[in-house]
file target_1.pdb (PDB, C-alpha atoms, pLDDT in the B column)
ATOM      1  CA  MET Y  25      70.482  20.622 186.516  1.00 49.00           C
ATOM      2  CA  SER Y  26      72.683  18.846 184.008  1.00 46.00           C
ATOM      3  CA  ASN Y  27      76.404  18.686 183.680  1.00 45.00           C
ATOM      4  CA  THR Y  28      77.558  21.330 181.187  1.00 54.00           C
ATOM      5  CA  SER Y  29      80.379  19.129 179.856  1.00 66.00           C
ATOM      6  CA  SER Y  30      78.118  17.966 177.008  1.00 80.00           C
ATOM      7  CA  PRO Y  31      78.828  19.466 173.570  1.00 80.00           C
ATOM      8  CA  LEU Y  32      75.052  19.922 173.222  1.00 84.00           C
ATOM      9  CA  ILE Y  33      74.747  22.357 176.145  1.00 88.00           C
ATOM     10  CA  GLN Y  34      76.281  25.746 177.014  1.00 87.00           C
ATOM     11  CA  THR Y  35      75.415  27.665 180.177  1.00 86.00           C
ATOM     12  CA  PHE Y  36      75.775  31.443 180.603  1.00 76.00           C
ATOM     13  CA  THR Y  37      75.010  33.980 183.282  1.00 80.00           C
ATOM     14  CA  PRO Y  38      73.393  36.895 181.411  1.00 78.00           C
ATOM     15  CA  ASP Y  39      74.964  40.332 181.833  1.00 74.00           C
ATOM     16  CA  ARG Y  40      72.445  42.629 183.480  1.00 69.00           C
ATOM     17  CA  TRP Y  41      72.123  46.387 183.478  1.00 67.00           C
ATOM     18  CA  ALA Y  42      69.642  47.703 186.057  1.00 66.00           C
ATOM     19  CA  GLY Y  43      68.122  44.218 186.147  1.00 75.00           C
ATOM     20  CA  TRP Y  44      67.587  43.959 182.380  1.00 83.00           C
ATOM     21  CA  SER Y  45      69.346  41.572 180.029  1.00 83.00           C
ATOM     22  CA  MET Y  46      69.277  41.265 176.255  1.00 84.00           C
ATOM     23  CA  ASP Y  47      70.161  37.824 174.945  1.00 88.00           C
ATOM     24  CA  PHE Y  48      70.508  36.681 171.355  1.00 90.00           C
ATOM     25  CA  ILE Y  49      69.844  33.036 170.497  1.00 94.00           C
ATOM     26  CA  LYS Y  50      71.554  31.942 167.264  1.00 95.00           C
ATOM     27  CA  ALA Y  51      69.858  29.803 164.624  1.00 96.00           C
ATOM     28  CA  GLY Y  52      70.267  26.114 165.415  1.00 95.00           C
ATOM     29  CA  TYR Y  53      69.964  26.650 169.174  1.00 96.00           C
ATOM     30  CA  VAL Y  54      67.168  26.823 171.711  1.00 96.00           C
ATOM     31  CA  GLY Y  55      67.586  28.896 174.861  1.00 95.00           C
ATOM     32  CA  LEU Y  56      66.220  28.036 178.288  1.00 96.00           C
ATOM     33  CA  LEU Y  57      65.931  30.899 180.769  1.00 93.00           C
ATOM     34  CA  VAL Y  58      66.313  29.553 184.304  1.00 92.00           C
ATOM     35  CA  LYS Y  59      65.732  31.662 187.438  1.00 90.00           C
ATOM     36  CA  ASN Y  60      66.590  30.253 190.861  1.00 89.00           C
ATOM     37  CA  GLY Y  61      66.810  26.742 189.386  1.00 89.00           C
ATOM     38  CA  GLN Y  62      63.334  26.874 187.779  1.00 92.00           C
ATOM     39  CA  LEU Y  63      62.677  27.034 184.049  1.00 94.00           C
ATOM     40  CA  VAL Y  64      61.010  30.363 183.265  1.00 92.00           C
ATOM     41  CA  ARG Y  65      60.659  30.037 179.509  1.00 93.00           C
ATOM     42  CA  LYS Y  66      61.983  28.516 176.324  1.00 96.00           C
ATOM     43  CA  LEU Y  67      63.608  30.972 173.894  1.00 94.00           C
ATOM     44  CA  GLU Y  68      63.572  30.377 170.139  1.00 96.00           C
ATOM     45  CA  PRO Y  69      66.294  31.886 167.904  1.00 96.00           C
ATOM     46  CA  GLY Y  70      66.293  35.683 167.935  1.00 94.00           C
ATOM     47  CA  ARG Y  71      66.608  38.568 170.404  1.00 93.00           C
ATOM     48  CA  HIS Y  72      65.060  38.314 173.868  1.00 89.00           C
ATOM     49  CA  PHE Y  73      64.825  40.638 176.858  1.00 85.00           C
ATOM     50  CA  SER Y  74      64.475  39.502 180.453  1.00 85.00           C
ATOM     51  CA  PHE Y  75      64.367  41.144 183.864  1.00 82.00           C
ATOM     52  CA  ALA Y  76      65.703  39.867 187.173  1.00 77.00           C
ATOM     53  CA  LEU Y  77      66.767  41.455 190.422  1.00 72.00           C
ATOM     54  CA  PRO Y  78      70.450  40.450 190.652  1.00 72.00           C
ATOM     55  CA  TRP Y  79      70.505  40.455 194.459  1.00 70.00           C
ATOM     56  CA  LEU Y  80      67.368  38.263 194.696  1.00 77.00           C
ATOM     57  CA  GLU Y  81      67.316  36.081 191.601  1.00 81.00           C
ATOM     58  CA  GLN Y  82      70.032  33.894 190.173  1.00 85.00           C
ATOM     59  CA  CYS Y  83      69.638  33.648 186.395  1.00 86.00           C
ATOM     60  CA  GLU Y  84      71.153  31.303 183.854  1.00 89.00           C
ATOM     61  CA  LEU Y  85      70.733  31.056 180.119  1.00 92.00           C
ATOM     62  CA  ILE Y  86      71.183  27.517 178.841  1.00 95.00           C
ATOM     63  CA  LEU Y  87      71.753  27.083 175.109  1.00 95.00           C
ATOM     64  CA  VAL Y  88      70.904  23.676 173.659  1.00 96.00           C
ATOM     65  CA  ASP Y  89      72.183  22.737 170.201  1.00 96.00           C
ATOM     66  CA  SER Y  90      69.128  21.767 168.129  1.00 96.00           C
ATOM     67  CA  LYS Y  91      70.940  21.162 164.840  1.00 96.00           C
ATOM     68  CA  ILE Y  92      71.108  17.706 163.269  1.00 97.00           C
ATOM     69  CA  ARG Y  93      74.234  15.986 164.601  1.00 96.00           C
ATOM     70  CA  ASN Y  94      76.113  12.772 163.843  1.00 96.00           C
ATOM     71  CA  LEU Y  95      77.089  10.108 166.401  1.00 95.00           C
ATOM     72  CA  GLU Y  96      79.542   7.303 165.607  1.00 94.00           C
ATOM     73  CA  ILE Y  97      79.270   4.074 167.608  1.00 90.00           C
ATOM     74  CA  VAL Y  98      81.917   1.384 167.141  1.00 89.00           C
ATOM     75  CA  SER Y  99      81.605  -1.833 169.107  1.00 84.00           C
ATOM     76  CA  GLN Y 100      84.165  -4.653 169.070  1.00 77.00           C
ATOM     77  CA  GLY Y 101      82.614  -7.921 170.238  1.00 73.00           C
ATOM     78  CA  ASP Y 102      80.146  -6.342 172.680  1.00 79.00           C
ATOM     79  CA  PHE Y 103      77.218  -8.330 171.299  1.00 84.00           C
ATOM     80  CA  LEU Y 104      76.377 -12.032 170.986  1.00 83.00           C
ATOM     81  CA  SER Y 105      74.153 -13.443 168.275  1.00 83.00           C
ATOM     82  CA  LYS Y 106      71.577 -16.135 169.036  1.00 86.00           C
ATOM     83  CA  ASP Y 107      74.114 -18.806 168.031  1.00 88.00           C
ATOM     84  CA  GLN Y 108      76.732 -17.293 170.412  1.00 86.00           C
ATOM     85  CA  PHE Y 109      78.973 -15.569 167.843  1.00 86.00           C
ATOM     86  CA  LEU Y 110      80.593 -12.246 168.779  1.00 86.00           C
ATOM     87  CA  VAL Y 111      79.354  -9.424 166.562  1.00 85.00           C
ATOM     88  CA  ASN Y 112      81.291  -6.249 165.720  1.00 87.00           C
ATOM     89  CA  VAL Y 113      79.152  -3.220 164.923  1.00 87.00           C
ATOM     90  CA  SER Y 114      79.910   0.185 163.431  1.00 90.00           C
ATOM     91  CA  LEU Y 115      77.051   2.689 163.277  1.00 91.00           C
ATOM     92  CA  SER Y 116      76.676   6.260 162.146  1.00 95.00           C
ATOM     93  CA  ILE Y 117      73.536   7.827 163.580  1.00 95.00           C
ATOM     94  CA  MET Y 118      72.032  11.222 162.822  1.00 97.00           C
ATOM     95  CA  TYR Y 119      70.004  12.762 165.642  1.00 96.00           C
ATOM     96  CA  GLN Y 120      68.436  16.046 166.676  1.00 96.00           C
ATOM     97  CA  VAL Y 121      67.344  17.315 170.083  1.00 96.00           C
ATOM     98  CA  VAL Y 122      63.547  17.645 170.190  1.00 95.00           C
ATOM     99  CA  ASP Y 123      63.126  18.149 173.955  1.00 96.00           C
ATOM    100  CA  PRO Y 124      65.702  20.756 175.055  1.00 96.00           C
ATOM    101  CA  LYS Y 125      64.247  20.966 178.571  1.00 95.00           C
ATOM    102  CA  ARG Y 126      64.840  17.265 179.206  1.00 93.00           C
ATOM    103  CA  ILE Y 127      68.326  17.341 177.678  1.00 93.00           C
ATOM    104  CA  ALA Y 128      69.455  20.367 179.698  1.00 93.00           C
ATOM    105  CA  LEU Y 129      67.677  19.899 183.010  1.00 91.00           C
ATOM    106  CA  GLU Y 130      67.123  16.159 183.488  1.00 92.00           C
ATOM    107  CA  LEU Y 131      69.999  14.245 181.856  1.00 90.00           C
ATOM    108  CA  SER Y 132      73.501  14.487 183.292  1.00 88.00           C
ATOM    109  CA  ASP Y 133      75.147  13.265 180.051  1.00 92.00           C
ATOM    110  CA  PRO Y 134      72.726  13.207 177.103  1.00 93.00           C
ATOM    111  CA  ILE Y 135      75.159  11.703 174.587  1.00 93.00           C
ATOM    112  CA  ALA Y 136      76.063   8.848 176.952  1.00 93.00           C
ATOM    113  CA  ALA Y 137      72.328   8.253 177.551  1.00 93.00           C
ATOM    114  CA  LEU Y 138      71.677   8.136 173.788  1.00 93.00           C
ATOM    115  CA  THR Y 139      74.639   5.801 173.198  1.00 92.00           C
ATOM    116  CA  SER Y 140      73.517   3.492 176.000  1.00 92.00           C
ATOM    117  CA  ALA Y 141      69.916   3.353 174.713  1.00 93.00           C
ATOM    118  CA  ILE Y 142      71.103   2.560 171.181  1.00 92.00           C
ATOM    119  CA  LYS Y 143      73.467  -0.177 172.387  1.00 89.00           C
ATOM    120  CA  ASP Y 144      70.731  -1.700 174.570  1.00 90.00           C
ATOM    121  CA  GLN Y 145      68.297  -1.913 171.649  1.00 90.00           C
ATOM    122  CA  LEU Y 146      71.010  -3.094 169.283  1.00 88.00           C
ATOM    123  CA  GLY Y 147      71.873  -5.917 171.702  1.00 85.00           C
ATOM    124  CA  VAL Y 148      68.238  -7.052 171.725  1.00 87.00           C
ATOM    125  CA  VAL Y 149      68.080  -7.091 167.912  1.00 86.00           C
ATOM    126  CA  ILE Y 150      71.452  -8.831 167.432  1.00 85.00           C
ATOM    127  CA  ASN Y 151      70.598 -11.467 170.055  1.00 84.00           C
ATOM    128  CA  GLN Y 152      67.643 -12.486 167.855  1.00 83.00           C
ATOM    129  CA  LEU Y 153      69.849 -13.053 164.770  1.00 76.00           C
TER     130      LEU Y 153
END

call {"tool": "encode", "arguments": {"input": "target_1.pdb", "output": "structure tokens"}}
result
Amino acid sequence: MSNTSSPLIQTFTPDRWAGWSMDFIKAGYVGLLVKNGQLVRKLEPGRHFSFALPWLEQCELILVDSKIRNLEIVSQGDFLSKDQFLVNVSLSIMYQVVDPKRIALELSDPIAALTSAIKDQLGVVINQL
């Protein structure tokens, strides 16, 4: 499971009464209901009920921010052009999570992964200039 230090992800343990839980997913978020480390279902915005035996099943509700977000990348001399000049780059990128399962359960730091992928591709393009 991912590190919850990302601003895209929040993890909660649902409050249960006699095994039942009522969870409300706000607009702009997607919920992932996880029982015993396994994804049970994806929850769209709205009210949802779930059942779990607290002494047998460990439940988590993971909220993933699915709103359009902005990422600033500033690079001072990290790239070389084809003629060996250092290139400074400043980018503003808008992105949106389209695969909440992958973001929450497979990537330890989704923003670092996105930044790294962008810089890798940017290096390839700049090296051709």

call {"tool": "atom_distance", "arguments": {"input": "target_1.pdb", "atom1": "CA of Gln152 (chain Y)", "atom2": "CA of Gly101 (chain Y)"}}
result
15.8 Å

call {"tool": "resolve_selection", "arguments": {"input": "target_1.pdb", "expression": "the PyMOL selection byres ((chain Y and resi 126) around 12)", "output": "VMD selection string"}}
result
chain Y and resid 25 to 26 33 56 63 66 88 121 to 125 127 to 134 137

call {"tool": "residues_around", "arguments": {"input": "target_1.pdb", "residues": "Val148 (chain Y)", "least_positions_apart": "4", "cutoff": "10 Å", "atoms": "all atoms listed in the file", "output": "list in words"}}
result
Phe103, Leu104, Ser105, Lys143, Asp144, Gln152 and Leu153 of chain Y

call {"tool": "residues_near_point", "arguments": {"input": "target_1.pdb", "point": "(67.1, 39.9, 179.5)", "cutoff": "10 Å", "atoms": "only C-alpha atoms", "output": "compact mmCIF listing (two decimals) with C-alpha atoms, keeping the file's coordinate frame"}}
result
# COMPACT_ATOMS: atom_id res chain seq x y z
CA PRO Y 38 73.39 36.90 181.41
CA ASP Y 39 74.96 40.33 181.83
CA ARG Y 40 72.44 42.63 183.48
CA TRP Y 41 72.12 46.39 183.48
CA GLY Y 43 68.12 44.22 186.15
CA TRP Y 44 67.59 43.96 182.38
CA SER Y 45 69.35 41.57 180.03
CA MET Y 46 69.28 41.26 176.26
CA ASP Y 47 70.16 37.82 174.94
CA PHE Y 48 70.51 36.68 171.36
CA LEU Y 57 65.93 30.90 180.77
CA ARG Y 71 66.61 38.57 170.40
CA HIS Y 72 65.06 38.31 173.87
CA PHE Y 73 64.82 40.64 176.86
CA SER Y 74 64.47 39.50 180.45
CA PHE Y 75 64.37 41.14 183.86
CA ALA Y 76 65.70 39.87 187.17
CA CYS Y 83 69.64 33.65 186.40
CA LEU Y 85 70.73 31.06 180.12

call {"tool": "atom_distance", "arguments": {"input": "target_1.pdb", "atom1": "CA of Gly61 (chain Y)", "atom2": "CA of Gln120 (chain Y)"}}
result
25.2 Å

call {"tool": "closest_residue", "arguments": {"input": "target_1.pdb", "among": "Y:Ile97, Y:Leu110, Y:Ile49, Y:Leu115", "to": "Ser140 (chain Y)", "atoms": "all atoms listed in the file"}}
result
Y:Ile97

call {"tool": "resolve_selection", "arguments": {"input": "target_1.pdb", "expression": "the PyMOL selection byres ((chain Y and resi 50) around 9)", "output": "JSON, numbers by chain"}}
result
{"Y": [48, 49, 51, 52, 53, 54, 68, 69, 70, 71]}

call {"tool": "atom_distance", "arguments": {"input": "target_1.pdb", "atom1": "CA of Lys91 (chain Y)", "atom2": "CA of Leu67 (chain Y)"}}
result
15.2 Å

call {"tool": "closest_residue", "arguments": {"input": "target_1.pdb", "among": "Y:Val111, Y:Ile92, Y:Met118, Y:Ile135", "to": "Gly147 (chain Y)", "atoms": "only C-alpha atoms"}}
result
Y:Val111

call {"tool": "axis_aligned_box", "arguments": {"input": "target_1.pdb", "around": "region 85-90 of chain Y", "padding_each_side": "8 Å", "output": "lines of an AutoDock Vina configuration file"}}
result
center_x = 70.7
center_y = 26.4
center_z = 174.1
size_x = 19.1
size_y = 25.3
size_z = 28.0

call {"tool": "closest_residue", "arguments": {"input": "target_1.pdb", "among": "Y:Thr139, Y:Phe109, Y:Lys59, Y:Glu84", "to": "Asn151 (chain Y)", "atoms": "all atoms listed in the file"}}
result
Y:Phe109

call {"tool": "resolve_selection", "arguments": {"input": "target_1.pdb", "expression": "the PyMOL selection byres ((chain Y and resi 116) around 6)", "output": "count of residues only"}}
result
4

call {"tool": "closest_residue", "arguments": {"input": "target_1.pdb", "among": "Y:Gln145, Y:Tyr119, Y:Ile150, Y:Ala136", "to": "Asp107 (chain Y)", "atoms": "all atoms listed in the file"}}
result
Y:Ile150

call {"tool": "build_atoms", "arguments": {"input": "target_1.pdb", "residues": "region 46-60 of chain Y", "atoms": "N, CA and C atoms", "output": "compact mmCIF listing (two decimals), keeping the file's coordinate frame"}}
result
# COMPACT_ATOMS: atom_id res chain seq x y z
N MET Y 46 69.66 41.55 177.63
CA MET Y 46 69.28 41.26 176.26
C MET Y 46 70.12 40.08 175.80
N ASP Y 47 69.46 39.03 175.38
CA ASP Y 47 70.16 37.82 174.94
C ASP Y 47 69.78 37.52 173.50
N PHE Y 48 70.75 37.04 172.75
CA PHE Y 48 70.51 36.68 171.36
C PHE Y 48 70.75 35.19 171.19
N ILE Y 49 69.74 34.47 170.74
CA ILE Y 49 69.84 33.04 170.50
C ILE Y 49 70.09 32.83 169.00
N LYS Y 50 71.21 32.18 168.66
CA LYS Y 50 71.55 31.94 167.26
C LYS Y 50 70.67 30.85 166.66
N ALA Y 51 70.57 30.87 165.34
CA ALA Y 51 69.86 29.80 164.62
C ALA Y 51 70.53 28.47 164.94
N GLY Y 52 69.73 27.43 165.10
CA GLY Y 52 70.27 26.11 165.42
C GLY Y 52 70.39 25.85 166.90
N TYR Y 53 69.93 26.80 167.72
CA TYR Y 53 69.96 26.65 169.17
C TYR Y 53 68.60 27.00 169.76
N VAL Y 54 68.34 26.46 170.93
CA VAL Y 54 67.17 26.82 171.71
C VAL Y 54 67.70 27.29 173.06
N GLY Y 55 67.17 28.39 173.56
CA GLY Y 55 67.59 28.90 174.86
C GLY Y 55 66.57 28.53 175.94
N LEU Y 56 67.08 28.27 177.13
CA LEU Y 56 66.22 28.04 178.29
C LEU Y 56 66.62 29.05 179.34
N LEU Y 57 65.68 29.91 179.73
CA LEU Y 57 65.93 30.90 180.77
C LEU Y 57 65.54 30.29 182.11
N VAL Y 58 66.51 30.19 183.00
CA VAL Y 58 66.31 29.55 184.30
C VAL Y 58 66.57 30.59 185.39
N LYS Y 59 65.58 30.77 186.29
CA LYS Y 59 65.73 31.66 187.44
C LYS Y 59 65.60 30.84 188.71
N ASN Y 60 66.58 30.97 189.58
CA ASN Y 60 66.59 30.25 190.86
C ASN Y 60 66.34 28.76 190.68
